[in-house]
Protein chains: 2
Amino acid sequence: MKDIAKALNLSKTTISMVLNNRGDENNISRKTQQKILEYAKKHNYVPNQLARSLRTGKSETIGLIMPNISNLFYAEIASYIEEKAEEQGYTVIFSSSHENPKIEQKLIRSMVNRQVDGLIIASTQGNLEDIRLLKNNNFPLVLIDRHYPEYSTNFIVVNNYEGTKNATKHLINLGRRKIAFISVRLELDAMRQRLLGYEDAMNECFGNIENKLIKILDHKGYRKEMRPILEELLKLDQGLDAIVFATHYLTASGIGELKNIGVKVPKEVAIVSFDEMSAFDIVDPPITYIMQPSEEIGTLAVEVLLDVINGKNNKEDQKVVLGTKLVVRKSCGT
Amino acid sequence: MKDIAKALNLSKTTISMVLNNRGDENNISRKTQQKILEYAKKHNYVPNQLARSLRTGKSETIGLIMPNISNLFYAEIASYIEEKAEEQGYTVIFSSSHENPKIEQKLIRSMVNRQVDGLIIASTQGNLEDIRLLKNNNFPLVLIDRHYPEYSTNFIVVNNYEGTKNATKHLINLGRRKIAFISVRLELDAMRQRLLGYEDAMNECFGNIENKLIKILDHKGYRKEMRPILEELLKLDQGLDAIVFATHYLTASGIGELKNIGVKVPKEVAIVSFDEMSAFDIVDPPITYIMQPSEEIGTLAVEVLLDVINGKNNKEDQKVVLGTKLVVRKSCGT
DNA sequence: CTGAAAGCGCTTACAG
DNA sequence: CTGAAAGCGCTTACAG
């Protein structure tokens, strides 16, 4: 910029105005504008966004922290977030916390250092300390997928409770009675809600819950545990006739093992999965699943965040709970 | 920082040195250091990375541009890139080009504005202009997955040719004869290489290639085209007995349609896929596929890029061609 | 052992 | 219509 100013014998002020399309607004003569624009183009002038950000206090960057961007569900959300942000002139920086609160903490701080204008976090839910800090400093923040039920923030989540409740009732309506629920040991509110939805559905229909139908596997060791657990369930007195899996990778592992054991799906055991996997429609039978609206989550997260950044709606926290959709395929029988 | 200086009656210089762990190096008394560190912690001092970057000319940020981050293959690579970069103190900003060279161009420029220290790009291969511009300006750059064969840059790609060649030969060794190749119309060198590998394998074994066994579907319309194409192939005089799919989504679509048509895999038609999908191991039969080393691609890309950024190895372009691995499952028969 | 000063590349109130 | 000057928050050569 200095070079342009020198070369054209104008001040940096003028150059800056013109290059930011404020030429007319500031009554810079058309001729001067023309000259500047031409020169800039010819010399391949590229503005330094860093310097501008330092001056304006806006980086036009948002930070995204997720447990794992290589999980399809999060990858999709990330993709929508990036798309929407880009559309609004924002850039996204991202990192994965790998379900580790310490890493999450480190990432939050590093992104704040980098002066992101706001953060979108699918939290480990083990880092209330930093979330609180951010909020106390009025730092623009939207939680997605997971939120802290005991602490108010902006969030976009899904109605996990309704999701499994509807799915379980769907199975019951199709005549299934011994419905197991297989979940994973993660201290996430979402997981509690999914269990609760299942329990309430069972309770409402049968007046009780059989605890031996509920299995919680280890977050990492679930692959090994899957087969013995299934065999145990299959040995129950009246015979298992359906399973609700609390998340997609459990389903993937589960249907593999059911196949190995030789159980017919859905004839003997019907299956419903929370969450989708890209190939649930090519397995045989195709899997019935509870679909989460990843596009909506991503898009809304950006909208809410930008509203906060731009000073709209920042009195009350925006709490959005989106509905899920049961996508019925053959795996749940008829 | 100014505040700290004022409060402690020290200069910004001293503060800066201490906060960057250069206290000892600069002979700042231990007592002063202690005081500064304590004060900074107590007042929650957060350095402004933007200002530092502006001053040092290093943003410690790398830009990542991919066709589509919600594609599992790219999501995985992105995840490894982020991990490796984070490990080295770098942050990653990313965007998707959606196979559109114009968008790619826009993204490259926007990332350069943001002063990224380097770029990792899985290019649309329709934007040689900007790639050339970057290189002429000695801008640190690594291409991944796709490169411009006619133009030298750093790149990390996979040996697509060997991949399909080996896979095709594997099928031939298992006694298959009428092997079709189904690909997609994308002007990518990778796709040409995959076709070539198939053709050479066929040629070497049978002395000729049957063009009617090669089908190229539309990038967007492949779902619709799949069934008629398959039916056409199945009607061939001597009968189709195997298919090599050039990419994972074609495989997914293909096995769905084969099931609909009622073709038995692998008994009637054996299948091999280039690239993996998370559920290729839970479909029945599990799919044999050509595995790409996504971790290595991601990790190497960051390594090569950082070497260039740090002034090592920047005389010659690093050209890395990684091998693929054929993961044999039941879909290709025995 | 510590500080004053310059400067990274911008933007913006103010002046004329 | 255009410019001089201050300042965003840092780092770094230089001086003492």
# chains A, B, ... in the order shown; residues from 1 in each chain; ligands from 1
$ interface_residues --of "chain B" --to "chain C" --cutoff "12 Å" --atoms "only C-alpha atoms (C1' of nucleotides)" --output "NGL selection string"
:B and (5 or 9-15 or 17 or 23-33 or 50-58 or 113 or 115)
$ residues_around --residues "Ser96 of chain A" --least-positions-apart "3" --cutoff "9 Å" --atoms "only C-alpha atoms (C1' of nucleotides)" --output "list in words"
Leu64, Ile65, Met66, Pro67, Asn68, Ile69, Glu99, Ile103, Glu104 and Leu107 of chain A; Ser79, Glu82 and Glu83 of chain B
$ interface_residues --of "chain A" --to "chain B" --cutoff "7 Å" --atoms "only C-alpha atoms" --output "number ranges by chain"
A: 46-51, 54, 69-70, 72, 75-76, 79, 82, 92-95, 113-115, 252, 256, 279, 282-284
$ select_by_dssp --residues "segment 101-208 of chain B" --states "alpha helix (DSSP H)" --output "VMD selection string"
chain B and resid 101 to 113 128 to 136 160 to 173 189 to 206
$ residues_around --residues "Arg176 of chain A" --least-positions-apart "2" --cutoff "9 Å" --atoms "only C-alpha atoms (C1' of nucleotides)" --output "list in words"
His170, Leu171, Ile172, Asn173, Leu174, Lys178, Ile179, Leu240, Asp241, Ala242, Val269 and Ala270 of chain A
$ write_last_selection --atoms "N, CA and C atoms" --output "PDB file, in the first residue's frame"
ATOM      1  N   HIS A 170     -41.811 -47.130  17.411  1.00  0.00           N
ATOM      2  CA  HIS A 170     -42.008 -47.661  16.066  1.00  0.00           C
ATOM      3  C   HIS A 170     -41.829 -49.183  16.085  1.00  0.00           C
ATOM      4  N   LEU A 171     -40.803 -49.637  16.761  1.00  0.00           N
ATOM      5  CA  LEU A 171     -40.552 -51.074  16.859  1.00  0.00           C
ATOM      6  C   LEU A 171     -41.692 -51.763  17.601  1.00  0.00           C
ATOM      7  N   ILE A 172     -42.149 -51.141  18.669  1.00  0.00           N
ATOM      8  CA  ILE A 172     -43.237 -51.729  19.460  1.00  0.00           C
ATOM      9  C   ILE A 172     -44.498 -51.849  18.613  1.00  0.00           C
ATOM     10  N   ASN A 173     -44.762 -50.793  17.848  1.00  0.00           N
ATOM     11  CA  ASN A 173     -45.936 -50.827  16.978  1.00  0.00           C
ATOM     12  C   ASN A 173     -45.860 -51.930  15.939  1.00  0.00           C
ATOM     13  N   LEU A 174     -44.649 -52.289  15.594  1.00  0.00           N
ATOM     14  CA  LEU A 174     -44.490 -53.372  14.617  1.00  0.00           C
ATOM     15  C   LEU A 174     -44.521 -54.734  15.301  1.00  0.00           C
ATOM     16  N   LYS A 178     -39.235 -57.631  23.023  1.00  0.00           N
ATOM     17  CA  LYS A 178     -37.953 -57.667  23.731  1.00  0.00           C
ATOM     18  C   LYS A 178     -36.967 -56.776  22.984  1.00  0.00           C
ATOM     19  N   ILE A 179     -37.002 -55.515  23.328  1.00  0.00           N
ATOM     20  CA  ILE A 179     -36.164 -54.563  22.602  1.00  0.00           C
ATOM     21  C   ILE A 179     -34.974 -54.152  23.458  1.00  0.00           C
ATOM     22  N   LEU A 240     -34.751 -62.204  22.383  1.00  0.00           N
ATOM     23  CA  LEU A 240     -34.613 -60.841  21.895  1.00  0.00           C
ATOM     24  C   LEU A 240     -35.249 -60.721  20.515  1.00  0.00           C
ATOM     25  N   ASP A 241     -35.973 -59.627  20.271  1.00  0.00           N
ATOM     26  CA  ASP A 241     -36.479 -59.463  18.902  1.00  0.00           C
ATOM     27  C   ASP A 241     -36.196 -58.096  18.276  1.00  0.00           C
ATOM     28  N   ALA A 242     -35.473 -57.248  19.000  1.00  0.00           N
ATOM     29  CA  ALA A 242     -35.108 -55.958  18.388  1.00  0.00           C
ATOM     30  C   ALA A 242     -33.979 -55.293  19.178  1.00  0.00           C
ATOM     31  N   VAL A 269     -34.288 -60.482  14.579  1.00  0.00           N
ATOM     32  CA  VAL A 269     -34.026 -59.264  15.354  1.00  0.00           C
ATOM     33  C   VAL A 269     -34.116 -58.033  14.451  1.00  0.00           C
ATOM     34  N   ALA A 270     -34.973 -57.113  14.831  1.00  0.00           N
ATOM     35  CA  ALA A 270     -35.079 -55.852  14.087  1.00  0.00           C
ATOM     36  C   ALA A 270     -34.042 -54.869  14.615  1.00  0.00           C
TER      37      ALA A 270
END
$ select_by_dssp --residues "segment 134-221 of chain B" --states "strand (DSSP E)" --output "ChimeraX atom specification"
/B:141-144,155-158,179-184,214-217
$ atom_distance --atom1 "atom CA of Val321 of chain B" --atom2 "atom CA of Cys205 of chain B"
25.6 Å
$ closest_residue --among "A:Asn127, A:Thr153, A:Asn21, A:Gln88" --to "Glu316 of chain A" --atoms "only C-alpha atoms"
A:Thr153
$ atom_distance --atom1 "atom CA of Leu133 of chain A" --atom2 "atom CA of His219 of chain A"
28.8 Å
$ residues_around --residues "segment 139-141 of chain B" --least-positions-apart "6" --cutoff "6 Å" --atoms "only C-alpha atoms (C1' of nucleotides)" --output "list of chain:residue names"
B:Gly118, B:Leu119, B:Ile120, B:Val308, B:Ile309
$ write_last_selection --atoms "N, CA and C atoms" --output "PDB file, in the first residue's frame"
ATOM      1  N   GLY B 118       1.611 -21.362   4.244  1.00  0.00           N
ATOM      2  CA  GLY B 118       1.716 -22.314   3.152  1.00  0.00           C
ATOM      3  C   GLY B 118       0.359 -22.906   2.837  1.00  0.00           C
ATOM      4  N   LEU B 119       0.278 -23.599   1.711  1.00  0.00           N
ATOM      5  CA  LEU B 119      -0.998 -24.157   1.287  1.00  0.00           C
ATOM      6  C   LEU B 119      -0.871 -25.641   0.966  1.00  0.00           C
ATOM      7  N   ILE B 120      -1.880 -26.398   1.368  1.00  0.00           N
ATOM      8  CA  ILE B 120      -1.997 -27.786   0.928  1.00  0.00           C
ATOM      9  C   ILE B 120      -3.289 -27.859   0.124  1.00  0.00           C
ATOM     10  N   VAL B 308       9.529 -26.816   3.581  1.00  0.00           N
ATOM     11  CA  VAL B 308       9.652 -25.689   2.651  1.00  0.00           C
ATOM     12  C   VAL B 308       9.551 -24.371   3.404  1.00  0.00           C
ATOM     13  N   ILE B 309       8.553 -24.282   4.276  1.00  0.00           N
ATOM     14  CA  ILE B 309       8.369 -23.045   5.044  1.00  0.00           C
ATOM     15  C   ILE B 309       9.632 -22.703   5.831  1.00  0.00           C
TER      16      ILE B 309
END
$ residues_around --residues "Asn159 of chain A" --least-positions-apart "2" --cutoff "6 Å" --atoms "only C-alpha atoms (C1' of nucleotides)" --output "PyMOL selection string"
chain A and resi 161-162+321-323
$ residues_around --residues "Lys330 of chain B" --least-positions-apart "3" --cutoff "8 Å" --atoms "only C-alpha atoms (C1' of nucleotides)" --output "MDAnalysis selection string"
chainID B and resid 266 285:288 333:334
$ write_last_selection --atoms "N, CA and C atoms" --output "mmCIF file, in the first residue's frame"
data_model
loop_
_atom_site.group_PDB
_atom_site.id
_atom_site.type_symbol
_atom_site.label_atom_id
_atom_site.label_comp_id
_atom_site.auth_asym_id
_atom_site.auth_seq_id
_atom_site.Cartn_x
_atom_site.Cartn_y
_atom_site.Cartn_z
ATOM 1 N N PRO B 266 -20.092 -62.600 -4.729
ATOM 2 C CA PRO B 266 -19.231 -62.582 -5.907
ATOM 3 C C PRO B 266 -19.505 -63.743 -6.866
ATOM 4 N N PRO B 285 -21.499 -59.390 0.490
ATOM 5 C CA PRO B 285 -20.205 -59.680 1.101
ATOM 6 C C PRO B 285 -19.409 -58.398 1.350
ATOM 7 N N PRO B 286 -18.467 -58.445 2.283
ATOM 8 C CA PRO B 286 -17.571 -57.309 2.476
ATOM 9 C C PRO B 286 -16.817 -57.025 1.187
ATOM 10 N N ILE B 287 -16.541 -55.766 0.936
ATOM 11 C CA ILE B 287 -15.984 -55.360 -0.355
ATOM 12 C C ILE B 287 -14.451 -55.341 -0.356
ATOM 13 N N THR B 288 -13.899 -55.944 -1.365
ATOM 14 C CA THR B 288 -12.451 -55.844 -1.601
ATOM 15 C C THR B 288 -12.162 -54.451 -2.145
ATOM 16 N N GLY B 333 -14.467 -62.826 -4.653
ATOM 17 C CA GLY B 333 -14.489 -64.272 -4.840
ATOM 18 C C GLY B 333 -13.169 -64.910 -4.456
ATOM 19 N N THR B 334 -13.046 -66.198 -4.773
ATOM 20 C CA THR B 334 -11.801 -66.897 -4.442
ATOM 21 C C THR B 334 -11.394 -67.798 -5.595
#
$ atom_distance --atom1 "atom CA of Val184 of chain B" --atom2 "atom CA of Ile290 of chain B"
16.6 Å
$ residues_around --residues "Asp307 of chain B" --least-positions-apart "2" --cutoff "12 Å" --atoms "only C-alpha atoms (C1' of nucleotides)" --output "PyMOL selection string"
chain B and resi 88+117-118+140-142+154+300-305+309-318
